[in-house]
>>> print(open('final.cif').read())   # mmCIF, C-alpha atoms
data_upload
loop_
_atom_site.label_atom_id
_atom_site.label_comp_id
_atom_site.auth_asym_id
_atom_site.auth_seq_id
_atom_site.Cartn_x
_atom_site.Cartn_y
_atom_site.Cartn_z
CA MET A 1 0.00 0.00 0.00
CA ASN A 2 1.49 3.33 -1.07
CA GLY A 3 1.71 6.28 1.31
CA LEU A 4 1.07 4.14 4.33
CA GLU A 5 2.93 5.27 7.45
CA VAL A 6 2.60 5.39 11.20
CA GLY A 7 0.04 8.10 11.99
CA THR A 8 -2.04 7.59 8.81
CA GLU A 9 -5.71 8.24 9.61
CA LEU A 10 -8.23 5.89 8.01
CA PRO A 11 -11.38 7.35 6.37
CA GLU A 12 -14.21 7.40 8.92
CA VAL A 13 -17.60 5.70 8.79
CA SER A 14 -20.60 7.30 10.56
CA GLN A 15 -23.82 5.49 11.27
CA ARG A 16 -27.04 6.34 13.08
CA ALA A 17 -28.57 3.40 14.94
CA GLU A 18 -32.28 2.97 14.29
CA LEU A 19 -34.77 0.19 14.92
CA THR A 20 -34.46 -0.87 11.27
CA THR A 21 -30.64 -1.11 11.42
CA SER A 22 -30.92 -3.14 14.61
CA VAL A 23 -33.54 -5.55 13.24
CA ALA A 24 -31.56 -5.97 10.01
CA TYR A 25 -28.41 -6.82 11.97
CA ALA A 26 -30.31 -9.21 14.26
CA ALA A 27 -31.65 -11.11 11.25
CA ALA A 28 -28.34 -11.11 9.37
CA SER A 29 -26.25 -12.23 12.34
CA GLY A 30 -28.76 -14.54 14.02
CA ASP A 31 -28.37 -12.68 17.33
CA LEU A 32 -32.01 -12.29 18.32
CA ASN A 33 -31.50 -10.89 21.83
CA PRO A 34 -34.62 -8.69 22.32
CA LEU A 35 -32.44 -6.06 24.03
CA HIS A 36 -31.75 -4.87 20.49
CA TYR A 37 -35.35 -4.41 19.24
CA ASP A 38 -37.98 -4.89 22.00
CA PRO A 39 -38.63 -1.67 23.95
CA ASP A 40 -40.40 -3.44 26.86
CA PHE A 41 -37.62 -5.98 27.34
CA ALA A 42 -34.91 -3.33 26.93
CA GLY A 43 -36.72 -1.15 29.46
CA GLN A 44 -36.17 -3.84 32.09
CA VAL A 45 -32.59 -4.91 31.40
CA SER A 46 -30.79 -2.28 29.34
CA PRO A 47 -28.02 -0.24 30.99
CA THR A 48 -29.57 2.84 29.32
CA GLY A 49 -33.20 1.92 29.98
CA GLY A 50 -33.81 1.63 26.24
CA ILE A 51 -32.87 -0.33 23.13
CA ILE A 52 -29.15 -0.44 22.33
CA ALA A 53 -27.38 -1.56 19.16
CA HIS A 54 -25.61 -4.93 19.01
CA GLY A 55 -21.97 -4.71 20.04
CA MET A 56 -21.22 -6.82 16.98
CA TYR A 57 -22.93 -4.22 14.78
CA ALA A 58 -20.46 -1.66 16.11
CA MET A 59 -17.60 -4.12 15.55
CA GLY A 60 -18.80 -4.73 11.99
CA LEU A 61 -18.68 -1.01 11.25
CA ALA A 62 -15.24 -0.64 12.83
CA SER A 63 -14.12 -3.56 10.70
CA ARG A 64 -15.57 -1.80 7.62
CA VAL A 65 -13.17 1.10 8.29
CA LEU A 66 -10.31 -1.40 8.29
CA THR A 67 -11.44 -3.41 5.25
CA GLU A 68 -12.26 -0.41 3.05
CA PHE A 69 -8.87 1.12 3.82
CA ALA A 70 -7.02 -2.16 3.28
CA GLY A 71 -8.76 -2.74 -0.05
CA GLY A 72 -10.54 -6.00 0.69
CA ALA A 73 -11.48 -8.69 3.17
CA GLU A 74 -8.45 -10.83 2.22
CA ARG A 75 -6.11 -8.17 3.66
CA VAL A 76 -7.63 -8.22 7.14
CA ALA A 77 -5.66 -10.53 9.45
CA GLU A 78 -7.16 -9.63 12.84
CA VAL A 79 -9.85 -7.50 14.44
CA ASN A 80 -10.01 -7.13 18.24
CA VAL A 81 -12.43 -4.81 20.01
CA ARG A 82 -13.76 -3.98 23.46
CA PHE A 83 -17.26 -2.66 23.95
CA THR A 84 -16.83 0.23 26.37
CA ARG A 85 -20.25 1.97 26.34
CA PRO A 86 -23.73 1.14 25.11
CA TRP A 87 -24.88 2.62 21.78
CA PRO A 88 -28.52 3.72 22.14
CA LEU A 89 -30.91 3.86 19.19
CA HIS A 90 -31.40 7.24 17.50
CA SER A 91 -27.78 8.24 18.11
CA THR A 92 -24.82 8.36 15.75
CA THR A 93 -21.45 6.69 16.17
CA THR A 94 -18.40 7.58 14.10
CA PHE A 95 -15.77 4.89 13.55
CA GLY A 96 -12.16 5.49 12.58
CA GLY A 97 -8.63 4.30 12.97
CA THR A 98 -4.98 5.32 13.06
CA VAL A 99 -1.96 3.32 11.92
CA THR A 100 0.22 2.78 14.99
CA ASN A 101 2.81 0.31 13.73
CA LEU A 102 4.13 -0.87 10.42
CA ASP A 103 6.41 -3.73 9.44
CA GLU A 104 7.10 -5.67 6.24
CA GLU A 105 4.03 -7.84 6.68
CA PHE A 106 1.41 -5.97 8.72
CA ALA A 107 0.05 -2.56 9.59
CA THR A 108 -1.43 -2.30 13.08
CA VAL A 109 -4.39 0.06 13.38
CA ARG A 110 -5.91 1.48 16.54
CA LEU A 111 -9.69 1.43 16.04
CA TRP A 112 -12.29 3.57 17.79
CA GLY A 113 -16.00 4.34 17.75
CA ARG A 114 -17.20 7.61 19.29
CA ASN A 115 -20.69 8.83 20.06
CA ASP A 116 -22.04 12.36 19.53
CA SER A 117 -20.52 13.46 22.85
CA GLY A 118 -17.08 12.20 21.85
CA GLU A 119 -17.18 9.25 24.28
CA GLN A 120 -15.72 5.95 23.08
CA ILE A 121 -18.28 3.18 22.73
CA LEU A 122 -15.71 0.83 21.20
CA LYS A 123 -11.96 0.60 21.11
CA GLY A 124 -9.75 -1.95 19.51
CA VAL A 125 -6.86 -3.00 17.32
CA GLY A 126 -6.84 -4.32 13.79
CA LYS A 127 -4.06 -5.90 11.75
CA ILE A 128 -3.96 -5.65 7.98
CA ARG A 129 -1.60 -7.25 5.49
CA VAL A 130 0.38 -4.58 3.62
CA MET B 1 -23.65 -18.75 41.56
CA ALA B 2 -20.06 -18.58 40.40
CA LEU B 3 -18.90 -20.17 37.16
CA ASN B 4 -17.12 -23.49 37.50
CA THR B 5 -13.42 -22.90 36.88
CA ASP B 6 -12.85 -26.66 36.45
CA LYS B 7 -14.38 -26.10 33.00
CA ILE B 8 -11.40 -24.07 31.75
CA GLY B 9 -10.00 -25.88 28.72
CA THR B 10 -13.19 -27.87 28.04
CA SER B 11 -13.95 -28.36 24.34
CA TYR B 12 -17.49 -29.00 23.13
CA PRO B 13 -18.48 -31.14 20.13
CA PRO B 14 -17.89 -29.37 16.81
CA TYR B 15 -20.75 -28.03 14.69
CA THR B 16 -20.70 -27.31 10.97
CA TYR B 17 -21.62 -24.10 9.22
CA GLU B 18 -22.15 -23.79 5.48
CA VAL B 19 -21.45 -20.33 4.05
CA SER B 20 -24.10 -19.16 1.60
CA ARG B 21 -24.16 -16.30 -0.88
CA GLU B 22 -27.50 -14.98 0.37
CA LYS B 23 -26.35 -14.83 4.02
CA ILE B 24 -23.18 -12.98 2.96
CA ARG B 25 -25.33 -10.50 1.02
CA GLU B 26 -27.76 -10.05 3.91
CA TYR B 27 -24.90 -9.49 6.37
CA ALA B 28 -23.09 -7.03 4.08
CA MET B 29 -26.32 -5.12 3.51
CA ALA B 30 -27.00 -4.83 7.26
CA LEU B 31 -23.61 -3.11 7.66
CA GLY B 32 -23.95 -0.90 4.58
CA GLU B 33 -20.89 -2.56 3.03
CA ARG B 34 -19.80 -1.15 -0.35
CA ASP B 35 -17.44 -3.79 -1.78
CA PRO B 36 -19.33 -5.22 -4.81
CA ARG B 37 -17.79 -8.67 -4.22
CA TYR B 38 -20.01 -9.14 -1.15
CA TYR B 39 -23.03 -8.92 -3.47
CA SER B 40 -21.57 -10.79 -6.44
CA ASP B 41 -23.25 -13.74 -8.17
CA GLY B 42 -19.86 -14.84 -9.50
CA ASP B 43 -16.78 -16.71 -8.29
CA ASP B 44 -15.33 -13.49 -6.84
CA CYS B 45 -17.89 -13.43 -4.00
CA VAL B 46 -16.31 -13.27 -0.52
CA ALA B 47 -17.64 -12.53 2.97
CA PRO B 48 -16.77 -9.46 5.04
CA PRO B 49 -14.43 -10.34 7.95
CA THR B 50 -17.01 -9.98 10.74
CA PHE B 51 -19.47 -12.22 8.87
CA ALA B 52 -17.89 -14.71 11.29
CA ALA B 53 -20.23 -13.24 13.92
CA SER B 54 -23.14 -15.07 12.32
CA PHE B 55 -21.70 -18.50 13.21
CA THR B 56 -19.50 -17.85 16.24
CA VAL B 57 -21.33 -15.61 18.70
CA THR B 58 -24.69 -17.31 19.21
CA LYS B 59 -23.86 -20.81 17.93
CA GLY B 60 -20.48 -20.82 19.67
CA GLY B 61 -22.01 -19.77 22.95
CA GLN B 62 -24.86 -22.30 22.81
CA ALA B 63 -22.78 -25.32 23.81
CA ALA B 64 -21.34 -23.51 26.81
CA PHE B 65 -24.71 -22.20 27.92
CA ALA B 66 -26.23 -25.68 27.58
CA ASP B 67 -23.58 -27.17 29.86
CA PRO B 68 -25.27 -27.53 33.26
CA ASP B 69 -21.90 -27.85 35.03
CA LEU B 70 -20.59 -24.49 33.80
CA GLY B 71 -23.12 -22.36 35.67
CA ALA B 72 -23.69 -19.70 32.98
CA HIS B 73 -26.59 -17.31 33.58
CA TRP B 74 -28.28 -14.57 31.61
CA THR B 75 -27.20 -11.47 33.51
CA LEU B 76 -24.41 -10.75 31.09
CA VAL B 77 -22.92 -8.40 28.55
CA HIS B 78 -20.53 -8.94 25.64
CA GLY B 79 -17.28 -7.45 26.90
CA SER B 80 -14.92 -7.93 23.99
CA GLN B 81 -14.52 -9.86 20.78
CA SER B 82 -11.55 -10.79 18.67
CA TYR B 83 -11.17 -12.53 15.32
CA ARG B 84 -8.01 -13.92 13.81
CA PHE B 85 -8.42 -14.89 10.17
CA GLY B 86 -6.82 -17.54 8.01
CA ASP B 87 -5.14 -16.96 4.66
CA ARG B 88 -8.30 -16.31 2.65
CA PRO B 89 -11.79 -14.87 3.22
CA LEU B 90 -14.86 -17.09 3.39
CA ARG B 91 -16.64 -17.91 0.13
CA PRO B 92 -20.09 -19.32 -0.71
CA GLY B 93 -20.03 -23.10 -0.40
CA ASP B 94 -17.35 -23.24 2.30
CA VAL B 95 -18.29 -25.82 4.90
CA LEU B 96 -16.66 -24.95 8.22
CA THR B 97 -16.08 -27.17 11.22
CA CYS B 98 -16.33 -25.06 14.36
CA THR B 99 -15.14 -26.23 17.78
CA PRO B 100 -16.13 -24.19 20.85
CA ARG B 101 -13.87 -24.25 23.91
CA ILE B 102 -13.82 -22.57 27.30
CA GLY B 103 -10.64 -20.51 27.04
CA ASP B 104 -10.68 -18.92 30.47
CA ILE B 105 -12.77 -18.04 33.50
CA SER B 106 -11.69 -15.31 35.89
CA ALA B 107 -13.19 -12.94 38.42
CA ARG B 108 -12.93 -9.18 38.26
CA GLY B 109 -14.44 -7.54 41.27
CA ARG B 110 -18.03 -8.72 41.54
CA ASN B 111 -18.15 -9.89 37.94
CA GLU B 112 -16.81 -12.93 36.12
CA LEU B 113 -15.20 -13.07 32.71
CA LEU B 114 -15.80 -16.12 30.52
CA THR B 115 -13.69 -16.49 27.38
CA ILE B 116 -15.34 -18.64 24.72
CA GLU B 117 -13.09 -19.58 21.81
CA VAL B 118 -14.41 -21.02 18.58
CA ASP B 119 -11.87 -22.55 16.23
CA CYS B 120 -13.35 -22.66 12.69
CA ARG B 121 -11.62 -24.72 10.01
CA PHE B 122 -12.06 -25.07 6.26
CA ALA B 123 -12.67 -28.56 4.82
CA ASP B 124 -8.89 -29.04 4.37
CA ASP B 125 -8.41 -28.32 8.12
CA THR B 126 -6.65 -24.97 7.62
CA LEU B 127 -7.75 -22.08 9.80
CA ALA B 128 -10.77 -20.09 8.58
CA VAL B 129 -11.21 -17.97 11.70
CA LEU B 130 -10.48 -18.14 15.40
CA SER B 131 -13.04 -16.30 17.51
CA ARG B 132 -12.50 -15.19 21.11
CA ALA B 133 -15.46 -13.71 22.94
CA VAL B 134 -15.24 -12.42 26.48
CA ILE B 135 -18.64 -12.56 28.17
CA VAL B 136 -19.02 -10.59 31.38
CA PHE B 137 -21.31 -12.20 33.95
CA LEU B 138 -22.53 -9.52 36.30
CA GLY B 139 -22.50 -9.99 40.04
CA SER B 140 -21.75 -13.73 40.22
CA ALA B 141 -18.10 -13.70 41.28
CA PRO B 142 -17.34 -15.83 44.35
CA GLY B 143 -18.27 -13.75 47.38
CA ALA B 144 -20.36 -11.23 45.45
CA ASP B 145 -23.73 -10.44 47.00
CA ALA B 146 -26.33 -11.91 44.66
CA ALA B 147 -28.97 -9.49 45.92
CA THR B 148 -27.30 -6.60 44.10
CA THR B 149 -26.64 -8.50 40.87
CA GLY B 150 -26.40 -6.28 37.83
CA ALA B 151 -26.34 -3.00 39.72
CA SER B 152 -23.39 -1.81 37.71
CA ALA B 153 -21.93 -3.05 34.45
CA GLY B 154 -18.75 -1.07 33.87
CA GLU B 155 -16.86 -3.78 32.03
CA GLY B 156 -18.86 -4.19 28.85
CA THR B 157 -22.14 -2.98 27.61
CA ALA B 158 -23.27 -4.74 24.50
#
>>> encode(input="final.cif", output="structure tokens")
Amino acid sequence: MNGLEVGTELPEVSQRAELTTSVAYAAASGDLNPLHYDPDFAGQVSPTGGIIAHGMYAMGLASRVLTEFAGGAERVAEVNVRFTRPWPLHSTTTFGGTVTNLDEEFATVRLWGRNDSGEQILKGVGKIRV
Amino acid sequence: MALNTDKIGTSYPPYTYEVSREKIREYAMALGERDPRYYSDGDDCVAPPTFAASFTVTKGGQAAFADPDLGAHWTLVHGSQSYRFGDRPLRPGDVLTCTPRIGDISARGRNELLTIEVDCRFADDTLAVLSRAVIVFLGSAPGADAATTGASAGEGTA
């Protein structure tokens, strides 16, 4: 990859979580936990008192940042994330990454997802083949 | 009730997962993916990396949750997730053999961390993807007061 160096910022991906995005991800992934689409259930168990997006939906979007930058799924060697805050419906998260290390084989990327208030809902590390 | 640490290292019987073009498409669409290969009808079709979620998170956890000796319960959050991929992405028609294993159990304050690994292999036994999920069980650590279970998450929230 040309022009790749430590400190390179990857193009960001922003996404607003809605009931439709949550239901679509539930169906696609097979994770049917009602916390992600049932307001009554979420009202009883959710840390926010309401529906929150799947953590794996956030991971998928963070991984999109990595894959789109790398130029394809075959270049992604690893994705590791921690879910640090819930992502409530009707709010937007922006995902991005920064290259933190580079060798002959791999670029290491620090990944993040931030909500409208700038708080991290996800942080992680990805490795892409250069 | 605390998780049973004797279960660390336990492997569960493997399950198979067949990758299909329509599931790849559905998954890519749910994430707003833009690579045309995810939607291709041709031989160039591949799956996005985190498509692995569709056969590791729920299916991988099932065996552990069905094990009566492990002591899993439903006051939990997904704390972290990692995927290490093999030499090529998944393609339609791949039949994977996936073996779940209890990687680790540890206590952190009042909560317990359960690491579930799922080792997924292509038909020729090379690595397709290795999944590591850390599930945070709230309030069940040895000595934690069950009456205040779930009062604070802190560790993970999804």
>>> resolve_selection(input="final.cif", expression="the PyMOL selection byres ((chain A) within 6 of (chain B))", output="list in words")
Ala24, Tyr25, Ala28, Ser29, Gly30, His54, Gly55, Gly60, Ala73, Glu74, Ala77, Glu78, Val79, Asn80, Val81, Arg82, Phe83, Thr84, Arg85 and Pro86 of chain A
>>> atom_distance(input="final.cif", atom1="CA of Tyr39 in chain B", atom2="CA of Val76 in chain A")
18.7 Å
>>> atom_distance(input="final.cif", atom1="CA of Val95 in chain B", atom2="CA of Asp41 in chain B")
18.5 Å
>>> closest_residue(input="final.cif", among="B:Cys45, B:Val136, B:Leu96, B:Leu127", to="Pro14 in chain B", atoms="all atoms listed in the file")
B:Leu96
>>> closest_residue(input="final.cif", among="A:Leu35, A:Ile51, A:Ala42, A:Ile128", to="Leu89 in chain A", atoms="all atoms listed in the file")
A:Ile51
>>> axis_aligned_box(input="final.cif", around="range 67-74 of chain B", padding_each_side="3 Å", output="lines of an AutoDock Vina configuration file")
center_x = -24.4
center_y = -21.2
center_z = 32.8
size_x = 13.7
size_y = 19.3
size_z = 11.8
>>> resolve_selection(input="final.cif", expression="the PyMOL selection byres ((chain A and resi 111) around 6)", output="PDB file with C-alpha atoms, in the coordinates of the input")
ATOM      1  CA  GLY A  96     -12.160   5.490  12.580  1.00  0.00           C
ATOM      2  CA  GLY A  97      -8.630   4.300  12.970  1.00  0.00           C
ATOM      3  CA  ARG A 110      -5.910   1.480  16.540  1.00  0.00           C
ATOM      4  CA  TRP A 112     -12.290   3.570  17.790  1.00  0.00           C
ATOM      5  CA  LYS A 123     -11.960   0.600  21.110  1.00  0.00           C
ATOM      6  CA  GLY A 124      -9.750  -1.950  19.510  1.00  0.00           C
ATOM      7  CA  VAL A 125      -6.860  -3.000  17.320  1.00  0.00           C
TER       8      VAL A 125
END
>>> atom_distance(input="final.cif", atom1="CA of Gln62 in chain B", atom2="CA of Tyr15 in chain B")
10.8 Å
>>> resolve_selection(input="final.cif", expression="the PyMOL selection byres ((chain A and resi 13) around 12)", output="number ranges by chain")
A: 10-12, 14-16, 58-69, 92-97, 111-114; B: 31-34
>>> closest_residue(input="final.cif", among="B:Asp124, B:Leu138, B:Gly93, B:Gly143", to="Ser20 in chain B", atoms="all atoms listed in the file")
B:Gly93
>>> closest_residue(input="final.cif", among="A:Val99, A:Asn115, A:Val109, A:Ser91", to="Gly3 in chain A", atoms="all atoms listed in the file")
A:Val99
>>> residues_near_point(input="final.cif", point="(-22.7, -20.0, 40.9)", cutoff="12 Å", atoms="all atoms listed in the file", output="list of chain:residue names")
B:Met1, B:Ala2, B:Leu3, B:Asn4, B:Thr5, B:Pro68, B:Asp69, B:Leu70, B:Gly71, B:Ala72, B:His73, B:Asn111, B:Glu112, B:Phe137, B:Leu138, B:Gly139, B:Ser140, B:Ala141, B:Pro142, B:Gly143, B:Ala144, B:Asp145, B:Ala146
>>> build_atoms(input="final.cif", residues="range 58-71 of chain A", atoms="N, CA and C atoms", output="compact mmCIF listing (two decimals), keeping the file's coordinate frame")
# COMPACT_ATOMS: atom_id res chain seq x y z
N ALA A 58 -21.53 -2.65 15.98
CA ALA A 58 -20.46 -1.66 16.11
C ALA A 58 -19.13 -2.24 15.63
N MET A 59 -18.85 -3.50 15.99
CA MET A 59 -17.60 -4.12 15.55
C MET A 59 -17.56 -4.26 14.03
N GLY A 60 -18.72 -4.60 13.45
CA GLY A 60 -18.80 -4.73 11.99
C GLY A 60 -18.47 -3.43 11.29
N LEU A 61 -18.95 -2.32 11.86
CA LEU A 61 -18.68 -1.01 11.25
C LEU A 61 -17.23 -0.60 11.45
N ALA A 62 -16.66 -0.91 12.60
CA ALA A 62 -15.24 -0.64 12.83
C ALA A 62 -14.39 -1.45 11.86
N SER A 63 -14.83 -2.68 11.63
CA SER A 63 -14.12 -3.56 10.70
C SER A 63 -14.25 -3.05 9.26
N ARG A 64 -15.39 -2.40 8.95
CA ARG A 64 -15.57 -1.80 7.62
C ARG A 64 -14.52 -0.72 7.37
N VAL A 65 -14.22 0.07 8.40
CA VAL A 65 -13.17 1.10 8.29
C VAL A 65 -11.85 0.43 7.87
N LEU A 66 -11.56 -0.67 8.54
CA LEU A 66 -10.31 -1.40 8.29
C LEU A 66 -10.29 -2.01 6.88
N THR A 67 -11.38 -2.68 6.52
CA THR A 67 -11.44 -3.41 5.25
C THR A 67 -11.43 -2.46 4.06
N GLU A 68 -12.19 -1.35 4.17
CA GLU A 68 -12.26 -0.41 3.05
C GLU A 68 -10.90 0.26 2.84
N PHE A 69 -10.20 0.52 3.93
CA PHE A 69 -8.87 1.12 3.82
C PHE A 69 -7.88 0.11 3.23
N ALA A 70 -7.97 -1.13 3.70
CA ALA A 70 -7.02 -2.16 3.28
C ALA A 70 -7.24 -2.58 1.83
N GLY A 71 -8.47 -2.40 1.33
CA GLY A 71 -8.76 -2.74 -0.05
C GLY A 71 -9.36 -4.12 -0.23
